[in-house]
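Each remark here refers to the structure printed beneath this line.
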Amino acid sequence: MDIEAFKVALGRFGTGVAVITTRDGEGAPAGFTASSFTSLSLSPPMVLFCLDKAAVSFEVFRAASGFVVNILNHQQQDISNRFASHGEDKFNGVKVRDGAEGLPLIEGCLANLECRTTDKVAGGDHLIFIGEVRQVHLGEGTPLLYYMGKYHGI
Ligand SMILES: Cc1cc2nc3c(=O)[nH]c(=O)nc-3n(C[C@H](O)[C@H](O)[C@H](O)COP(=O)(O)O)c2cc1C
């Protein structure tokens with residue numbers, strides 16, 4: 001298996017971009033940028049994402065009872081970059097509000113999905129988080145897309 005070819009092949013699969021958010025036991029917000037968000041089931045409504053076990057926020061997500069999928073619009077590239085870093089102050093200056101489950105929803109997104117974590121499945125160096133969608137919020141705009149390591153808009 002040629003690992004470099006594997007990476008190139010993965011880059012050829014264009015995706016949207018989401019920021020997955022939650023809170024730790026003390027209520028502090030945590031979040032990271034994800035392209036691994038996928039719809040899983042319609043009935044019941046379920047989604048999943050995959051998080052690197054080496055991520056700074058990994059233990060927070062593993063311990064949390066839920067998460068929010070914030071689907072970014074094409075004007076939110078700065079938010080994507082911010083949440084793709086390891087910075088302490090990722091939420092500084094980012095407009096958020098609490099959802100019904102008390103988890104942070106990023107304002108101005110194409111959609112926010114509030115989820116309860118139902119399963120965590122081993123997946124190599126990542127963990128697959130599966131959640132049932134409890135609330136959906138819809139915004140306006142066109143998507144931020146990611147392809148071959150670069151952002152694109154429509
Ligand atoms: C467009 C894009 C998509 C990404 N998708 C994922 C992903 O699905 N899973 C993941 O673990 N990291 C993903 N990353 C990398 C994380 O966002 C990055 O490692 C981040 O620093 C993790 O934050 P943390 O270390 O503070 O938890 C992606 C980065 C970018 C720019």
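Residues are named by chain letter and number: chains run A, B, ... in the order of the structure tokens, numbers start at 1 in each chain, and ligands are numbered from 1 in the order shown.
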
> Would you name the residues within 7 Å of ligand 1, counting only C-alpha atoms and all ligand atoms, and put them as a ChimeraX atom specification?
Replying inline: /A:17,31-37,49-52,55-58,80-81,83-87,126,146

Include N, CA and C atoms and write out the residues we just selected as a CSV table (one decimal), in the first residue's frame.
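Output below, filename selection-v1.csv:
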```csv
chain,number,residue,atom,x,y,z
A,17,VAL,N,-17.3,21.4,4.9
A,17,VAL,CA,-16.5,21.6,6.1
A,17,VAL,C,-17.4,21.9,7.3
A,31,GLY,N,-13.8,22.6,20.3
A,31,GLY,CA,-14.2,22.4,19.0
A,31,GLY,C,-13.1,22.1,18.0
A,32,PHE,N,-13.4,21.5,16.9
A,32,PHE,CA,-12.3,21.3,15.9
A,32,PHE,C,-13.0,21.2,14.5
A,33,THR,N,-12.2,21.5,13.5
A,33,THR,CA,-12.7,21.5,12.1
A,33,THR,C,-12.7,20.0,11.6
A,34,ALA,N,-13.8,19.7,10.9
A,34,ALA,CA,-13.9,18.3,10.4
A,34,ALA,C,-14.5,18.2,9.0
A,35,SER,N,-13.8,17.4,8.2
A,35,SER,CA,-14.4,17.0,6.9
A,35,SER,C,-15.0,15.6,7.0
A,36,SER,N,-14.8,14.9,8.1
A,36,SER,CA,-15.3,13.5,8.2
A,36,SER,C,-16.8,13.4,8.7
A,37,PHE,N,-17.5,14.5,8.7
A,37,PHE,CA,-18.9,14.5,9.0
A,37,PHE,C,-19.6,13.8,7.9
A,49,PHE,N,-18.9,11.5,12.9
A,49,PHE,CA,-17.7,12.1,12.5
A,49,PHE,C,-16.5,11.3,13.1
A,50,CYS,N,-15.3,11.6,12.6
A,50,CYS,CA,-14.1,10.8,13.1
A,50,CYS,C,-13.1,11.8,13.7
A,51,LEU,N,-12.6,11.5,14.9
A,51,LEU,CA,-11.7,12.5,15.5
A,51,LEU,C,-10.4,11.7,15.8
A,52,ASP,N,-9.3,12.4,15.5
A,52,ASP,CA,-7.9,11.9,15.7
A,52,ASP,C,-7.7,11.7,17.2
A,55,ALA,N,-5.8,14.4,18.9
A,55,ALA,CA,-6.3,15.8,19.0
A,55,ALA,C,-6.3,16.3,20.4
A,56,VAL,N,-6.0,17.5,20.6
A,56,VAL,CA,-6.1,18.1,22.0
A,56,VAL,C,-7.5,18.0,22.6
A,57,SER,N,-8.5,18.1,21.7
A,57,SER,CA,-9.9,18.1,22.2
A,57,SER,C,-10.5,16.6,22.4
A,58,PHE,N,-9.6,15.6,22.1
A,58,PHE,CA,-10.1,14.3,22.0
A,58,PHE,C,-10.8,13.8,23.3
A,80,SER,N,-13.0,28.0,10.0
A,80,SER,CA,-12.4,26.7,9.7
A,80,SER,C,-10.9,26.7,10.1
A,81,ASN,N,-10.1,27.7,9.7
A,81,ASN,CA,-8.7,27.7,10.0
A,81,ASN,C,-8.5,27.8,11.5
A,83,PHE,N,-10.4,26.7,13.9
A,83,PHE,CA,-10.7,25.5,14.6
A,83,PHE,C,-9.9,24.3,14.1
A,84,ALA,N,-9.0,24.5,13.1
A,84,ALA,CA,-8.1,23.5,12.6
A,84,ALA,C,-6.7,23.7,13.3
A,85,SER,N,-6.7,24.6,14.2
A,85,SER,CA,-5.4,24.9,15.0
A,85,SER,C,-5.6,24.3,16.4
A,86,HIS,N,-4.4,24.3,17.1
A,86,HIS,CA,-4.5,23.8,18.5
A,86,HIS,C,-4.7,25.0,19.5
A,87,GLY,N,-5.0,26.2,19.1
A,87,GLY,CA,-5.1,27.4,19.9
A,87,GLY,C,-6.0,27.2,21.1
A,126,HIS,N,-8.1,7.0,14.7
A,126,HIS,CA,-9.3,7.9,15.0
A,126,HIS,C,-10.3,7.1,15.8
A,146,TYR,N,-14.0,21.7,0.5
A,146,TYR,CA,-12.6,21.4,0.7
A,146,TYR,C,-12.2,20.3,-0.2
```

> Do you know which residues are at most 12 Å from Pro29 (chain A) counting only C-alpha atoms, after dropping those on the same chain fewer than 2 positions away, and could you put them as a PyMOL selection string?
Replying inline: chain A and resi 20-27+31-32+57+60-61+64+67-68+83+88-92+94+96-98+102-106

> Which parts of region 6-133 of chain A does DSSP call strand (DSSP E) when run on the backbone here, written out as a PyMOL selection string?
Replying inline: chain A and resi 15-16+18-23+29-34+38-41+46-52+66-71+96-98+104-106+111-123+126-133

>> So that I can see what lies close to Ile130 (chain A), please list as a list of chain:residue names the residues with an atom at most 6 Å from it, counting only C-alpha atoms and leaving out residues fewer than 5 positions away in the same chain.
In response: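 Contacts, with the query itself left out: A:Val47, A:Leu48, A:Thr117, A:Thr118, A:Asp119.
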
>> Between A:Ala28, A:Leu40, A:Ile3, A:Ala9, which residue has the minimum interatomic distance to Met148 (chain A), considering only C-alpha atoms?
In response: A:Ala9

> Among region 22-132 of chain A, which residues carry a DSSP assignment of alpha helix (DSSP H), reported as a list in words?
Replying inline: Phe58, Glu59, Val60, Phe61, Arg62, Ala63, Gln77, Asp78, Ile79, Ser80, Asn81, Arg82 and Phe83 of chain A

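With only C-alpha atoms taken into account, the protein and nucleic acid residues at most 8 Å from Pro45 (chain A) (excluding it and anything under 3 positions from it in its own chain) are Leu40, Ser41, Leu42, Glu132 and Val133 of chain A.
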
Would you save the residues from that selection as an mmCIF file, in the first residue's frame, using C-alpha atoms?
```
data_model
loop_
_atom_site.group_PDB
_atom_site.id
_atom_site.type_symbol
_atom_site.label_atom_id
_atom_site.label_comp_id
_atom_site.auth_asym_id
_atom_site.auth_seq_id
_atom_site.Cartn_x
_atom_site.Cartn_y
_atom_site.Cartn_z
ATOM 1 C CA LEU A 40 -25.677 7.870 8.798
ATOM 2 C CA SER A 41 -29.399 7.210 9.295
ATOM 3 C CA LEU A 42 -32.694 8.958 8.581
ATOM 4 C CA GLU A 132 -28.604 10.970 17.275
ATOM 5 C CA VAL A 133 -29.752 14.366 16.002
#
```

>> Show me, as a PyMOL selection string, the residues that have an atom within 10 Å of Gly139 (chain A) when counting only C-alpha atoms, minus same-chain residues fewer than 3 positions from it.
In response: chain A and resi 71-73+107-112+142

Store the residues of this selection in a file with N, CA, C and O atoms, as a PDB file, in the first residue's frame.
```
ATOM      1  N   ILE A  71     -22.225  23.383  10.211  1.00  0.00           N
ATOM      2  CA  ILE A  71     -21.842  23.280   8.796  1.00  0.00           C
ATOM      3  C   ILE A  71     -21.535  24.682   8.267  1.00  0.00           C
ATOM      4  O   ILE A  71     -22.400  25.573   8.274  1.00  0.00           O
ATOM      5  N   LEU A  72     -20.269  24.872   7.829  1.00  0.00           N
ATOM      6  CA  LEU A  72     -19.792  26.222   7.493  1.00  0.00           C
ATOM      7  C   LEU A  72     -20.242  26.669   6.112  1.00  0.00           C
ATOM      8  O   LEU A  72     -20.360  25.865   5.178  1.00  0.00           O
ATOM      9  N   ASN A  73     -20.461  27.989   5.991  1.00  0.00           N
ATOM     10  CA  ASN A  73     -20.723  28.573   4.679  1.00  0.00           C
ATOM     11  C   ASN A  73     -19.414  29.111   4.089  1.00  0.00           C
ATOM     12  O   ASN A  73     -18.384  29.153   4.763  1.00  0.00           O
ATOM     13  N   GLU A 107     -22.789  30.838  15.253  1.00  0.00           N
ATOM     14  CA  GLU A 107     -23.768  31.653  14.511  1.00  0.00           C
ATOM     15  C   GLU A 107     -23.373  31.771  13.037  1.00  0.00           C
ATOM     16  O   GLU A 107     -22.187  31.745  12.701  1.00  0.00           O
ATOM     17  N   GLY A 108     -24.361  31.929  12.177  1.00  0.00           N
ATOM     18  CA  GLY A 108     -24.116  32.226  10.773  1.00  0.00           C
ATOM     19  C   GLY A 108     -23.825  31.011   9.913  1.00  0.00           C
ATOM     20  O   GLY A 108     -23.427  31.163   8.749  1.00  0.00           O
ATOM     21  N   CYS A 109     -23.986  29.812  10.472  1.00  0.00           N
ATOM     22  CA  CYS A 109     -23.681  28.593   9.699  1.00  0.00           C
ATOM     23  C   CYS A 109     -24.831  28.231   8.769  1.00  0.00           C
ATOM     24  O   CYS A 109     -25.959  28.690   8.928  1.00  0.00           O
ATOM     25  N   LEU A 110     -24.544  27.365   7.803  1.00  0.00           N
ATOM     26  CA  LEU A 110     -25.588  26.855   6.910  1.00  0.00           C
ATOM     27  C   LEU A 110     -26.579  26.002   7.682  1.00  0.00           C
ATOM     28  O   LEU A 110     -27.766  25.979   7.366  1.00  0.00           O
ATOM     29  N   ALA A 111     -26.078  25.276   8.669  1.00  0.00           N
ATOM     30  CA  ALA A 111     -26.923  24.442   9.522  1.00  0.00           C
ATOM     31  C   ALA A 111     -26.159  24.088  10.792  1.00  0.00           C
ATOM     32  O   ALA A 111     -24.920  24.046  10.794  1.00  0.00           O
ATOM     33  N   ASN A 112     -26.912  23.892  11.880  1.00  0.00           N
ATOM     34  CA  ASN A 112     -26.344  23.390  13.136  1.00  0.00           C
ATOM     35  C   ASN A 112     -27.173  22.177  13.534  1.00  0.00           C
ATOM     36  O   ASN A 112     -28.407  22.263  13.588  1.00  0.00           O
ATOM     37  N   THR A 142     -24.163  29.592   0.909  1.00  0.00           N
ATOM     38  CA  THR A 142     -23.645  28.488   0.102  1.00  0.00           C
ATOM     39  C   THR A 142     -22.446  27.878   0.840  1.00  0.00           C
ATOM     40  O   THR A 142     -21.813  28.543   1.655  1.00  0.00           O
TER      41      THR A 142
END
```

> Can you tell me how far CA of Leu127 (chain A) sits from CA of Ala5 (chain A), in Å to one decimal?
Replying inline: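 Answer for the CA of Leu127 (chain A) to CA of Ala5 (chain A) separation: 23.0 Å.
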
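CA of Leu113 (chain A) to CA of Phe129 (chain A) spans 14.0 Å [interatomic distance, one decimal].
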
> What gap, in Å, lies between CA of Gly16 (chain A) and CA of Val136 (chain A)?
Replying inline: 17.4 Å
